[in-house]
file entry_37.cif (mmCIF, C-alpha atoms)
data_input
#
loop_
_atom_site.label_atom_id
_atom_site.label_comp_id
_atom_site.auth_asym_id
_atom_site.auth_seq_id
_atom_site.Cartn_x
_atom_site.Cartn_y
_atom_site.Cartn_z
CA MET A 59 0.00 0.00 0.00
CA GLY A 60 1.41 3.35 -1.04
CA VAL A 61 2.27 6.10 1.41
CA ARG A 62 0.40 9.42 1.35
CA LEU A 63 3.21 11.93 1.60
CA MET A 64 4.60 15.38 1.00
CA VAL A 65 8.10 16.38 -0.06
CA VAL A 66 9.28 19.75 1.27
CA ASP A 67 12.75 21.04 0.44
CA ASP A 68 14.18 24.49 -0.26
CA HIS A 69 15.67 23.03 -3.46
CA ARG A 70 12.61 22.75 -5.73
CA LEU A 71 14.36 20.56 -8.29
CA LEU A 72 15.26 18.02 -5.62
CA ALA A 73 11.74 18.06 -4.17
CA GLU A 74 10.08 17.56 -7.56
CA ALA A 75 12.51 14.87 -8.69
CA LEU A 76 12.03 12.88 -5.49
CA ALA A 77 8.25 13.29 -5.69
CA SER A 78 8.20 12.03 -9.29
CA ALA A 79 10.31 8.99 -8.40
CA LEU A 80 8.04 8.11 -5.49
CA LYS A 81 4.90 8.52 -7.61
CA LEU A 82 6.29 5.96 -10.05
CA ARG A 83 6.60 3.56 -7.11
CA GLY A 84 2.93 3.85 -6.31
CA HIS A 85 2.98 6.46 -3.56
CA ARG A 86 0.49 9.31 -3.39
CA VAL A 87 2.33 12.64 -3.33
CA LEU A 88 0.07 15.41 -2.03
CA ALA A 89 2.60 18.14 -2.76
CA ALA A 90 6.23 18.75 -3.67
CA ALA A 91 7.16 22.22 -2.49
CA ALA A 92 10.18 24.42 -1.91
CA PRO A 93 9.12 27.03 0.63
CA SER A 94 11.86 29.04 2.27
CA ALA A 95 9.33 29.56 5.05
CA GLY A 96 5.92 28.17 5.80
CA ALA A 97 6.86 24.49 5.53
CA ALA A 98 5.06 23.64 8.74
CA GLU A 99 1.88 25.46 7.69
CA LEU A 100 1.83 23.59 4.41
CA VAL A 101 2.21 20.19 6.04
CA VAL A 102 -0.31 20.95 8.78
CA SER A 103 -2.91 22.00 6.20
CA ARG A 104 -2.47 18.90 4.00
CA ALA A 105 -1.95 16.33 6.79
CA PRO A 106 0.01 13.60 4.95
CA GLU A 107 0.99 10.31 6.56
CA VAL A 108 4.66 11.12 6.02
CA CYS A 109 6.51 14.35 5.34
CA LEU A 110 9.98 14.24 3.78
CA LEU A 111 11.53 17.47 5.05
CA GLY A 112 14.82 18.63 3.56
CA THR A 113 17.43 20.69 5.40
CA SER A 114 20.97 21.70 4.48
CA THR A 115 21.96 22.76 8.01
CA PRO A 116 20.82 20.08 10.49
CA ALA A 117 23.12 21.27 13.27
CA GLU A 118 22.03 24.92 13.11
CA PRO A 119 19.80 26.28 15.90
CA GLY A 120 16.19 26.35 14.78
CA ALA A 121 16.70 23.99 11.84
CA PHE A 122 13.95 21.70 13.10
CA GLU A 123 11.40 24.27 14.27
CA PRO A 124 9.04 23.14 11.44
CA VAL A 125 9.22 19.59 12.83
CA VAL A 126 8.28 20.82 16.30
CA ARG A 127 5.21 22.63 14.98
CA ILE A 128 4.13 19.76 12.73
CA LYS A 129 4.30 17.29 15.60
CA ARG A 130 2.49 19.68 17.92
CA GLU A 131 -0.40 20.34 15.53
CA ARG A 132 -0.42 17.07 13.56
CA PRO A 133 1.17 14.45 15.83
CA GLN A 134 0.05 11.65 13.51
CA VAL A 135 2.32 12.94 10.70
CA ALA A 136 5.65 11.09 10.59
CA VAL A 137 8.50 13.44 9.60
CA VAL A 138 11.60 12.04 7.91
CA VAL A 139 14.45 14.53 7.61
CA LEU A 140 16.48 14.63 4.39
CA GLY A 141 19.88 16.16 5.02
CA PRO A 142 23.63 16.07 4.48
CA VAL A 143 26.00 13.78 6.35
CA PRO A 144 24.97 14.76 9.88
CA SER A 145 26.90 15.29 13.05
CA PRO A 146 25.65 13.53 16.18
CA ARG A 147 24.19 16.89 17.16
CA GLY A 148 22.21 17.04 13.92
CA ILE A 149 20.71 13.58 14.37
CA ALA A 150 19.94 14.23 18.03
CA ALA A 151 18.31 17.58 17.23
CA ALA A 152 16.11 16.00 14.56
CA PHE A 153 14.79 13.30 16.88
CA ALA A 154 14.48 15.70 19.81
CA ALA A 155 12.21 17.86 17.64
CA GLY A 156 10.01 14.84 16.93
CA ALA A 157 11.34 13.46 13.64
CA SER A 158 10.82 9.78 12.96
CA GLY A 159 13.85 9.36 10.73
CA TYR A 160 16.94 10.86 9.12
CA VAL A 161 18.02 10.04 5.56
CA ARG A 162 20.98 11.45 3.68
CA HIS A 163 20.26 13.59 0.63
CA ASP A 164 22.32 11.23 -1.53
CA GLU A 165 20.49 8.09 -0.39
CA ARG A 166 19.12 5.80 -3.10
CA ILE A 167 15.38 5.92 -3.69
CA ASP A 168 15.04 2.44 -2.16
CA GLY A 169 16.48 3.75 1.09
CA VAL A 170 14.14 6.74 1.14
CA GLU A 171 11.17 4.48 0.51
CA ARG A 172 12.15 2.11 3.32
CA ALA A 173 12.49 5.05 5.70
CA MET A 174 9.03 6.33 4.76
CA VAL A 175 7.39 2.97 5.35
CA LYS A 176 9.15 2.47 8.69
CA ALA A 177 8.26 5.99 9.83
CA ARG A 178 4.59 5.47 8.94
CA ALA A 179 4.65 2.28 11.01
CA GLY A 180 5.94 4.21 14.01
CA GLU A 181 9.51 2.94 13.81
CA ALA A 182 12.72 4.97 13.90
CA ALA A 183 14.18 5.24 10.41
CA VAL A 184 17.93 5.83 10.49
CA ALA A 185 20.47 3.97 8.38
CA PRO A 186 22.84 1.83 10.49
CA GLN A 187 25.89 3.50 8.93
CA LEU A 188 24.63 6.91 10.07
CA LEU A 189 24.25 5.68 13.63
CA GLN A 190 27.67 4.06 13.48
CA GLY A 191 29.20 7.32 12.24
CA ALA A 192 27.43 9.27 14.98
CA PHE A 193 28.66 6.93 17.70
CA THR A 194 32.19 7.04 16.28
CA GLU A 195 32.21 10.83 16.41
CA LEU A 196 30.81 10.85 19.92
CA LEU A 197 33.53 8.46 21.08
CA ASN A 198 36.26 10.31 19.18
CA PRO A 199 35.10 13.94 19.07
CA ALA A 200 36.78 16.28 16.63
CA ALA A 201 38.42 19.44 17.87
CA GLN A 202 35.98 22.28 18.45
CA PRO A 203 35.99 25.05 15.84
CA ASP A 204 38.13 28.05 16.57
CA ASP A 205 36.46 30.63 18.81
CA GLU A 206 37.54 33.78 17.03
CA GLY A 207 36.39 36.14 19.75
CA ALA A 208 38.39 34.32 22.45
CA ARG A 209 41.42 34.08 20.19
CA LEU A 210 41.39 37.79 19.41
CA LEU A 211 40.90 38.70 23.06
CA GLN A 212 44.01 36.73 23.99
CA MET A 213 46.03 38.79 21.49
CA LEU A 214 45.27 42.07 23.24
CA THR A 215 46.66 43.44 26.48
CA PRO A 216 44.15 44.65 29.12
CA ARG A 217 44.88 48.25 28.14
CA GLU A 218 44.36 47.47 24.45
CA VAL A 219 41.05 45.81 25.31
CA GLU A 220 39.95 49.01 27.04
CA VAL A 221 41.01 51.00 24.00
CA LEU A 222 39.00 48.70 21.72
CA VAL A 223 35.91 49.07 23.90
CA ARG A 224 36.26 52.84 23.79
CA VAL A 225 36.76 52.77 20.01
CA ALA A 226 33.62 50.66 19.66
CA GLU A 227 31.72 53.23 21.72
CA GLY A 228 32.78 55.93 19.27
CA GLU A 229 35.38 57.76 21.34
CA ASP A 230 38.03 59.67 19.41
CA THR A 231 41.70 59.84 20.38
CA ARG A 232 41.19 62.86 22.64
CA LEU A 233 38.39 61.18 24.62
CA ILE A 234 40.32 57.92 24.87
CA ALA A 235 43.34 59.75 26.24
CA ALA A 236 41.27 61.74 28.75
CA GLY A 237 39.34 58.70 29.92
CA MET A 238 42.45 56.59 30.41
CA GLY A 239 44.61 59.38 31.83
CA ILE A 240 47.25 59.08 29.12
CA ALA A 241 48.70 61.39 26.49
CA PRO A 242 46.92 61.62 23.12
CA SER A 243 50.04 60.32 21.40
CA THR A 244 50.02 57.25 23.66
CA ALA A 245 46.32 56.71 22.99
CA ARG A 246 46.98 56.95 19.26
CA THR A 247 49.73 54.34 19.56
CA HIS A 248 47.40 51.98 21.45
CA VAL A 249 44.74 52.37 18.76
CA GLN A 250 47.24 51.57 16.01
CA ARG A 251 48.42 48.47 17.87
CA VAL A 252 44.82 47.28 18.28
CA LEU A 253 44.15 47.74 14.57
CA MET A 254 47.34 45.91 13.67
CA LYS A 255 46.64 42.96 15.98
CA LEU A 256 43.08 42.61 14.73
CA GLY A 257 44.24 42.84 11.12
CA VAL A 258 41.91 45.71 10.18
CA GLY A 259 42.53 49.07 8.57
CA SER A 260 40.17 51.40 10.42
CA ARG A 261 38.43 51.98 13.73
CA LEU A 262 35.09 51.20 12.12
CA GLU A 263 36.37 47.83 10.95
CA ALA A 264 37.74 47.11 14.42
CA ALA A 265 34.39 47.90 16.02
CA ALA A 266 32.53 45.74 13.50
CA LEU A 267 34.91 42.81 14.01
CA ALA A 268 34.63 43.08 17.78
CA ALA A 269 30.84 43.06 17.60
CA ARG A 270 30.66 40.18 15.11
CA THR A 271 32.94 37.87 17.08
CA GLY A 272 31.49 38.67 20.49
CA LEU A 273 34.83 40.10 21.59
CA LEU A 274 33.17 43.05 23.35
CA ASP A 275 30.90 40.74 25.36
CA ARG A 276 33.89 38.66 26.35
CA ALA A 277 35.83 41.76 27.32
CA GLY A 278 32.93 42.93 29.48
CA ALA A 279 32.67 39.54 31.18
CA ALA A 280 36.39 39.46 31.83
CA GLY A 281 36.28 42.95 33.27
CA ALA A 282 33.36 42.10 35.56
CA ALA A 283 35.08 38.94 36.78
CA GLY A 284 38.18 40.93 37.57
CA GLY A 285 36.23 43.57 39.43
CA VAL A 286 37.21 46.40 37.15
CA GLY A 287 34.91 49.09 35.81
CA GLY A 288 34.82 51.11 32.66
CA PRO A 289 32.82 51.46 29.48
CA SER A 290 30.95 48.22 28.97
CA GLY A 291 32.71 47.01 32.13
CA ALA A 292 36.03 46.22 30.51
CA GLY A 293 39.44 46.95 32.02
CA ARG A 294 38.80 50.57 33.04
CA ALA A 295 40.99 50.31 36.12
CA VAL A 296 44.05 49.35 34.09
CA ARG A 297 46.61 52.10 33.96
#
call {"tool": "encode", "arguments": {"input": "entry_37.cif", "output": "structure tokens"}}
result
Amino acid sequence: MGVRLMVVDDHRLLAEALASALKLRGHRVLAAAAPSAGAAELVVSRAPEVCLLGTSTPAEPGAFEPVVRIKRERPQVAVVVLGPVPSPRGIAAAFAAGASGYVRHDERIDGVERAMVKARAGEAAVAPQLLQGAFTELLNPAAQPDDEGARLLQMLTPREVEVLVRVAEGEDTRLIAAGMGIAPSTARTHVQRVLMKLGVGSRLEAAALAARTGLLDRAGAAGAAGGVGGPSGAGRAVR
């Protein structure tokens, strides 16, 4: 007996190709859609037995919000995630959201079909090799990605951190010098050293980089932990 399903993926060509292949195998495809948003609404309104839901970023926060809503409003719908080679976090996040299965985007049509049938029957649908890879990574975790904000903070002295905070708050050389109790020429030298260490060419670029990497938040936390005051709480007592 064929499965009544929907295929939802941001890549329309993939969604339509998969839908066509499943139709040829006797399944009833209610829709093949590529919404950048509104996936959950579409599935909730059509109420298929199974939804094949594509994602290119399974480990990103919020990637499985559509699954959460579908399962909340249509708990009888079995959701099978179609995604890239996942990390353990990606698989865990999919099932935590309520998914019934996880299938790689490059899986053969036979594998997708088996996952659909298992999911409709209330079984977990994950290929053994994916589980094996997940367990292997959990047992032998890869190094964490570089934390750019922490790395940049370590490059700066406490006084340079204070200078960066003041630059980010829009202070010019005169205000920096007055606030830190140093000569304008010294303040100018500190600013140049900060720009050089951060690898940027202007104060605006330095402020943007600090905001993007969370360096200012880290500087504020470090200043609070050390009991020092100042703009944004960073290193003001350093002289």
call {"tool": "residues_near_point", "arguments": {"input": "entry_37.cif", "point": "(12.3, 11.9, 8.1)", "cutoff": "8 Å", "atoms": "all atoms listed in the file", "output": "ChimeraX atom specification"}}
result
/A:108-111,136-140,157-161,173-174,177,183
call {"tool": "residues_around", "arguments": {"input": "entry_37.cif", "residues": "segment 68-75 of chain A", "least_positions_apart": "4", "cutoff": "10 Å", "atoms": "only C-alpha atoms", "output": "number ranges by chain"}}
result
A: 64, 79-81, 89-95, 97, 110-114, 163
call {"tool": "resolve_selection", "arguments": {"input": "entry_37.cif", "expression": "the PyMOL selection byres ((chain A and resi 266-269) around 9)", "output": "list in words"}}
result
Gly207, Leu210, Leu222, Val223, Ala226, Leu256, Val258, Arg261, Leu262, Glu263, Ala264, Ala265, Arg270, Thr271, Gly272, Leu273, Leu274 and Asp275 of chain A
call {"tool": "atom_distance", "arguments": {"input": "entry_37.cif", "atom1": "atom CA of Asp164 of chain A", "atom2": "atom CA of Val143 of chain A"}}
result
9.1 Å
call {"tool": "residues_around", "arguments": {"input": "entry_37.cif", "residues": "Gly120 of chain A", "least_positions_apart": "5", "cutoff": "12 Å", "atoms": "only C-alpha atoms", "output": "list in words"}}
result
Thr113, Thr115, Val125, Val126, Arg127, Gly148, Ala151, Ala152, Ala154 and Ala155 of chain A
call {"tool": "closest_residue", "arguments": {"input": "entry_37.cif", "among": "A:Val225, A:Met254, A:Ala235, A:Ile167", "to": "Leu82 of chain A", "atoms": "only C-alpha atoms"}}
result
A:Ile167
call {"tool": "resolve_selection", "arguments": {"input": "entry_37.cif", "expression": "the PyMOL selection byres ((chain A and resi 106) around 6)", "output": "list in words"}}
result
Arg62, Leu63, Arg104, Ala105, Glu107 and Val108 of chain A
call {"tool": "atom_distance", "arguments": {"input": "entry_37.cif", "atom1": "atom CA of Val135 of chain A", "atom2": "atom CA of Ala117 of chain A"}}
result
22.6 Å
call {"tool": "atom_distance", "arguments": {"input": "entry_37.cif", "atom1": "atom CA of Leu214 of chain A", "atom2": "atom CA of Thr247 of chain A"}}
result
13.6 Å
call {"tool": "closest_residue", "arguments": {"input": "entry_37.cif", "among": "A:Ser243, A:Ala182, A:Lys176, A:Ala277", "to": "Ala208 of chain A", "atoms": "only C-alpha atoms"}}
result
A:Ala277
call {"tool": "closest_residue", "arguments": {"input": "entry_37.cif", "among": "A:Ala241, A:Glu206, A:Val61, A:Val252", "to": "Glu220 of chain A", "atoms": "only C-alpha atoms"}}
result
A:Val252
